[in-house]
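Dropping protein-v4.cif in here (mmCIF, C-alpha atoms):
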data_data
#
loop_
_atom_site.group_PDB
_atom_site.id
_atom_site.type_symbol
_atom_site.label_atom_id
_atom_site.label_comp_id
_atom_site.auth_asym_id
_atom_site.auth_seq_id
_atom_site.Cartn_x
_atom_site.Cartn_y
_atom_site.Cartn_z
ATOM 1 C CA MET A 1 82.552 69.136 31.310
ATOM 2 C CA VAL A 2 80.885 68.394 34.679
ATOM 3 C CA ARG A 3 80.237 64.819 33.552
ATOM 4 C CA TYR A 4 83.938 64.267 32.837
ATOM 5 C CA ILE A 5 84.892 65.662 36.245
ATOM 6 C CA TYR A 6 82.530 63.165 37.947
ATOM 7 C CA ILE A 7 83.985 60.315 35.893
ATOM 8 C CA LEU A 8 87.521 61.449 36.726
ATOM 9 C CA LEU A 9 86.699 61.811 40.426
ATOM 10 C CA GLY A 10 84.975 58.416 40.429
ATOM 11 C CA SER A 11 88.079 56.823 38.886
ATOM 12 C CA MET A 12 90.322 58.537 41.429
ATOM 13 C CA ILE A 13 88.175 57.332 44.323
ATOM 14 C CA LYS A 14 88.248 53.767 42.986
ATOM 15 C CA LEU A 15 92.032 53.986 42.628
ATOM 16 C CA CYS A 16 92.367 55.340 46.174
ATOM 17 C CA LEU A 17 90.187 52.520 47.532
ATOM 18 C CA ILE A 18 92.222 49.901 45.665
ATOM 19 C CA VAL A 19 95.478 51.367 47.006
ATOM 20 C CA PHE A 20 94.001 51.555 50.510
ATOM 21 C CA PHE A 21 92.878 47.915 50.526
ATOM 22 C CA PHE A 22 96.141 46.736 49.000
ATOM 23 C CA ASN A 23 98.171 48.644 51.593
ATOM 24 C CA SER A 24 96.017 47.502 54.496
ATOM 25 C CA SER A 25 96.343 43.852 53.501
ATOM 26 C CA CYS A 26 100.105 44.239 53.133
ATOM 27 C CA THR A 27 100.435 45.873 56.530
ATOM 28 C CA SER A 28 97.871 43.854 58.471
ATOM 29 C CA SER A 29 100.632 42.641 60.808
ATOM 30 C CA ASN A 30 101.593 46.254 61.542
ATOM 31 C CA TYR A 31 97.932 47.137 62.014
ATOM 32 C CA LEU A 32 97.476 44.305 64.528
ATOM 33 C CA LEU A 33 100.705 45.231 66.314
ATOM 34 C CA ASN A 34 99.594 48.878 66.567
ATOM 35 C CA LYS A 35 96.171 47.817 67.810
ATOM 36 C CA ALA A 36 97.768 45.565 70.436
ATOM 37 C CA GLU A 37 100.086 48.394 71.541
ATOM 38 C CA PHE A 38 97.029 50.611 72.014
ATOM 39 C CA LYS A 39 95.450 47.834 74.105
ATOM 40 C CA SER A 40 98.610 47.565 76.238
ATOM 41 C CA ARG A 41 98.499 51.316 76.956
ATOM 42 C CA LYS A 42 94.816 51.066 77.816
ATOM 43 C CA LEU A 43 95.601 48.150 80.130
ATOM 44 C CA LEU A 44 98.107 50.311 82.023
ATOM 45 C CA GLU A 45 95.483 53.038 82.438
ATOM 46 C CA GLU A 46 92.963 50.476 83.680
ATOM 47 C CA ILE A 47 95.493 49.079 86.184
ATOM 48 C CA SER A 48 95.944 52.550 87.675
ATOM 49 C CA LYS A 49 92.146 52.936 87.946
ATOM 50 C CA GLY A 50 91.727 49.515 89.551
ATOM 51 C CA SER A 51 89.568 48.146 86.737
ATOM 52 C CA ALA A 52 91.997 45.976 84.757
ATOM 53 C CA SER A 53 91.008 42.473 85.875
ATOM 54 C CA LYS A 54 88.489 42.178 83.016
ATOM 55 C CA HIS A 55 91.407 42.162 80.528
ATOM 56 C CA PHE A 56 92.920 38.963 81.975
ATOM 57 C CA SER A 57 91.250 35.871 80.526
ATOM 58 C CA ALA A 58 90.864 32.829 82.776
ATOM 59 C CA LYS A 59 92.274 30.889 79.828
ATOM 60 C CA TYR A 60 95.754 32.309 80.571
ATOM 61 C CA PHE A 61 95.594 33.831 84.072
ATOM 62 C CA SER A 62 94.562 32.775 87.554
ATOM 63 C CA ASN A 63 91.890 35.221 88.704
ATOM 64 C CA THR A 64 93.131 35.119 92.296
ATOM 65 C CA GLN A 65 96.769 35.764 91.392
ATOM 66 C CA ILE A 66 95.917 38.563 88.962
ATOM 67 C CA ASN A 67 93.696 40.308 91.515
ATOM 68 C CA LEU A 68 96.443 40.080 94.152
ATOM 69 C CA LEU A 69 99.058 41.406 91.733
ATOM 70 C CA LEU A 70 96.875 44.260 90.489
ATOM 71 C CA ASN A 71 95.949 45.210 94.047
ATOM 72 C CA GLU A 72 99.628 45.277 95.030
ATOM 73 C CA LEU A 73 100.488 47.463 92.033
ATOM 74 C CA ILE A 74 97.775 49.929 93.001
ATOM 75 C CA VAL A 75 98.046 49.974 96.791
ATOM 76 C CA GLU A 76 101.663 49.115 97.625
ATOM 77 C CA CYS A 77 103.357 50.469 94.506
ATOM 78 C CA ASP A 78 101.164 53.542 93.832
ATOM 79 C CA PHE A 79 100.847 52.612 90.150
ATOM 80 C CA ILE A 80 98.782 55.696 89.366
ATOM 81 C CA ASN A 81 101.848 57.887 90.082
ATOM 82 C CA ARG A 82 104.279 55.732 88.104
ATOM 83 C CA LYS A 83 107.241 57.380 86.428
ATOM 84 C CA GLY A 84 108.634 55.749 83.340
ATOM 85 C CA ASN A 85 108.047 55.003 79.728
ATOM 86 C CA PHE A 86 107.415 52.683 76.840
ATOM 87 C CA VAL A 87 110.691 51.063 75.741
ATOM 88 C CA ASN A 88 109.664 49.252 72.551
ATOM 89 C CA SER A 89 107.481 46.635 70.933
ATOM 90 C CA TYR A 90 108.765 43.220 69.955
ATOM 91 C CA PRO A 91 106.854 41.314 67.256
ATOM 92 C CA TRP A 92 107.554 37.589 67.061
ATOM 93 C CA GLN A 93 106.210 34.301 65.745
ATOM 94 C CA LYS A 94 106.031 30.787 67.100
ATOM 95 C CA ASP A 95 104.385 27.727 65.570
ATOM 96 C CA GLY A 96 102.834 29.865 62.821
ATOM 97 C CA LYS A 97 101.165 32.242 65.314
ATOM 98 C CA LYS A 98 101.995 35.949 65.578
ATOM 99 C CA TYR A 99 102.598 37.735 68.855
ATOM 100 C CA GLY A 100 103.492 41.208 70.019
ATOM 101 C CA SER A 101 105.229 42.010 73.292
ATOM 102 C CA PHE A 102 105.280 45.550 74.665
ATOM 103 C CA ILE A 103 107.964 46.575 77.119
ATOM 104 C CA TYR A 104 107.516 49.335 79.686
ATOM 105 C CA GLU A 105 109.803 50.389 82.534
ATOM 106 C CA PHE A 106 108.564 52.264 85.581
ATOM 107 C CA ASN A 107 109.844 53.597 88.866
ATOM 108 C CA LEU A 108 107.192 52.808 91.433
ATOM 109 C CA LYS A 109 106.918 53.459 95.152
ATOM 110 C CA CYS A 110 107.699 49.777 95.832
ATOM 111 C CA ASP A 111 110.445 49.131 93.228
ATOM 112 C CA ALA A 112 111.661 49.835 89.708
ATOM 113 C CA ILE A 113 110.077 47.289 87.374
ATOM 114 C CA ARG A 114 109.800 46.256 83.760
ATOM 115 C CA LEU A 115 106.418 45.141 82.464
ATOM 116 C CA VAL A 116 106.292 42.872 79.438
ATOM 117 C CA ILE A 117 102.751 42.666 78.095
ATOM 118 C CA THR A 118 102.189 40.078 75.357
ATOM 119 C CA TYR A 119 99.259 39.655 72.979
ATOM 120 C CA GLU A 120 98.473 37.008 70.404
ATOM 121 C CA LEU A 121 97.827 38.845 67.133
ATOM 122 C CA ASN A 122 94.835 37.182 65.495
ATOM 123 C CA THR A 123 91.620 38.718 64.249
ATOM 124 C CA GLU A 124 90.868 39.033 67.969
ATOM 125 C CA ILE A 125 93.862 40.429 69.850
ATOM 126 C CA GLU A 126 94.189 38.463 73.080
ATOM 127 C CA LEU A 127 96.299 39.186 76.166
ATOM 128 C CA ILE A 128 98.295 36.015 76.859
ATOM 129 C CA ALA A 129 101.133 37.104 79.169
ATOM 130 C CA PHE A 130 101.846 39.785 81.743
ATOM 131 C CA ALA A 131 105.351 39.639 83.224
ATOM 132 C CA LEU A 132 107.119 41.779 85.814
ATOM 133 C CA GLU A 133 110.921 41.892 85.811
ATOM 134 C CA PRO A 134 113.577 43.902 87.612
ATOM 135 C CA ILE A 135 114.781 46.631 85.245
ATOM 136 C CA GLU A 136 118.408 45.679 85.873
ATOM 137 C CA LYS A 137 117.811 42.299 84.218
ATOM 138 C CA ASP A 138 118.758 42.037 80.540
ATOM 139 C CA ASN A 139 115.949 41.203 78.149
ATOM 140 C CA PHE A 140 116.594 40.167 74.542
ATOM 141 C CA MET A 141 113.358 41.883 73.435
ATOM 142 C CA ILE A 142 114.719 45.353 74.192
ATOM 143 C CA LYS A 143 115.673 46.942 70.871
ATOM 144 C CA ASN A 144 115.920 50.526 72.119
ATOM 145 C CA PRO A 145 118.272 50.449 75.124
ATOM 146 C CA GLU A 146 118.491 54.263 75.061
ATOM 147 C CA LYS A 147 114.844 54.376 76.230
ATOM 148 C CA ARG A 148 115.523 52.227 79.277
ATOM 149 C CA LEU A 149 115.338 53.719 82.763
ATOM 150 C CA TYR A 150 118.312 51.629 83.897
ATOM 151 C CA LYS A 151 121.436 52.403 81.917
ATOM 152 C CA LYS A 152 124.463 50.121 82.158
ATOM 153 C CA ASN A 153 127.853 51.805 82.351
#
Translate this structure into structure tokens?
Amino acid sequence: MVRYIYILLGSMIKLCLIVFFFNSSCTSSNYLLNKAEFKSRKLLEEISKGSASKHFSAKYFSNTQINLLLNELIVECDFINRKGNFVNSYPWQKDGKKYGSFIYEFNLKCDAIRLVITYELNTEIELIAFALEPIEKDNFMIKNPEKRLYKKN
């Protein structure tokens, strides 16, 4: 009887592993998008701590400009005490490459801004764009307007 239970359990584990690997390969785009969203949230935390410059590759960003921008967000805008939220993610493709943009809106001491943080979704998730916009500006990537800080009448 015990032998049959082990055989049954072994078969169930194999089935679970097969289902797991099948599901993970089918949802690898979602997995990468979720991983990139986590990285975008971590980036925001690092900005508030003053240790975010390591996330900006010289391949896509000028070190001088990024350091000036990050310093302004911390010192002038009091980024650590930001009020706002995550609006939504926006997955997209171009030239066969996959990307994920993550939209946040915050009220800061200096202004109300929208941050659009974009990653290329490869085996290595890479930050490729970091944009600041006024929250009043329309943005086609916003899918959840009810989460916006700025509501149009």
Residues in the PyMOL selection byres ((chain A and resi 39) around 10), expressed as a short mmCIF file (atom, residue, chain, number, x, y, z; two decimals) with C-alpha atoms, keeping the file's coordinate frame:
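Output saved as expr23.cif:
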data_model
loop_
_atom_site.label_atom_id
_atom_site.label_comp_id
_atom_site.auth_asym_id
_atom_site.auth_seq_id
_atom_site.Cartn_x
_atom_site.Cartn_y
_atom_site.Cartn_z
CA LEU A 33 100.70 45.23 66.31
CA ASN A 34 99.59 48.88 66.57
CA LYS A 35 96.17 47.82 67.81
CA ALA A 36 97.77 45.56 70.44
CA GLU A 37 100.09 48.39 71.54
CA PHE A 38 97.03 50.61 72.01
CA SER A 40 98.61 47.56 76.24
CA ARG A 41 98.50 51.32 76.96
CA LYS A 42 94.82 51.07 77.82
CA LEU A 43 95.60 48.15 80.13
CA LEU A 44 98.11 50.31 82.02
CA GLU A 45 95.48 53.04 82.44
CA HIS A 55 91.41 42.16 80.53
CA ILE A 117 102.75 42.67 78.10
CA TYR A 119 99.26 39.66 72.98
CA ILE A 125 93.86 40.43 69.85
CA GLU A 126 94.19 38.46 73.08
CA LEU A 127 96.30 39.19 76.17
#
With only C-alpha atoms as the counted atoms, please give the residues lying no more than 10 Å from range 137-147 of chain A, apart from itself and same-chain residues fewer than 5 positions off, as a PDB file with C-alpha atoms, in the frame of the given file.
ATOM      1  CA  GLY A  84     108.634  55.749  83.340  1.00  0.00           C
ATOM      2  CA  ASN A  85     108.047  55.003  79.728  1.00  0.00           C
ATOM      3  CA  PHE A  86     107.415  52.683  76.840  1.00  0.00           C
ATOM      4  CA  VAL A  87     110.691  51.063  75.741  1.00  0.00           C
ATOM      5  CA  ASN A  88     109.664  49.252  72.551  1.00  0.00           C
ATOM      6  CA  SER A  89     107.481  46.635  70.933  1.00  0.00           C
ATOM      7  CA  TYR A  90     108.765  43.220  69.955  1.00  0.00           C
ATOM      8  CA  PRO A  91     106.854  41.314  67.256  1.00  0.00           C
ATOM      9  CA  TRP A  92     107.554  37.589  67.061  1.00  0.00           C
ATOM     10  CA  SER A 101     105.229  42.010  73.292  1.00  0.00           C
ATOM     11  CA  PHE A 102     105.280  45.550  74.665  1.00  0.00           C
ATOM     12  CA  ILE A 103     107.964  46.575  77.119  1.00  0.00           C
ATOM     13  CA  TYR A 104     107.516  49.335  79.686  1.00  0.00           C
ATOM     14  CA  GLU A 105     109.803  50.389  82.534  1.00  0.00           C
ATOM     15  CA  ILE A 113     110.077  47.289  87.374  1.00  0.00           C
ATOM     16  CA  ARG A 114     109.800  46.256  83.760  1.00  0.00           C
ATOM     17  CA  VAL A 116     106.292  42.872  79.438  1.00  0.00           C
ATOM     18  CA  LYS A 152     124.463  50.121  82.158  1.00  0.00           C
TER      19      LYS A 152
END
Within 9 Å of (96.9, 47.2, 86.1) in the file's own coordinates, which protein, DNA or RNA residues have an atom, counting all atoms listed in the file? List them as JSON, numbers by chain. {"A": [43, 44, 45, 46, 47, 48, 49, 50, 51, 52, 53, 69, 70, 71, 73, 74, 79]}
In Å, how far is it from CA of Lys109 in chain A to CA of Cys77 in chain A?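 CA of Cys77 in chain A lies 4.7 Å from CA of Lys109 in chain A.
Reported to one decimal place, the separation of CA of Glu133 in chain A from CA of Lys59 in chain A is 22.5 Å.
With all atoms listed in the file as the basis for measurement, A:Arg82 is the residue among A:Arg82, A:Arg148, A:Glu120, A:Phe130 that approaches Phe106 in chain A most closely.
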Just to confirm, what's the straight-line distance from CA of Tyr60 in chain A to CA of Asp95 in chain A in Å (one decimal)?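 A separation of 17.9 Å between them.
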Can you tell me, as an MDAnalysis selection string, what residues are no more than 12 Å from Thr123 in chain A when counting only C-alpha atoms, ignoring any on the same chain fewer than 6 positions away? chainID A and resid 28:29 31:33 35:36 97:99
Proximity to Asn67 in chain A - best of A:Gln93, A:Leu115, A:Lys54, A:Tyr150, all atoms listed in the file: A:Lys54
Which residue gives the smallest distance to Asp111 in chain A among A:Ile128, A:Ala58, A:Ile135, A:Ile80, with all atoms listed in the file counted? A:Ile135
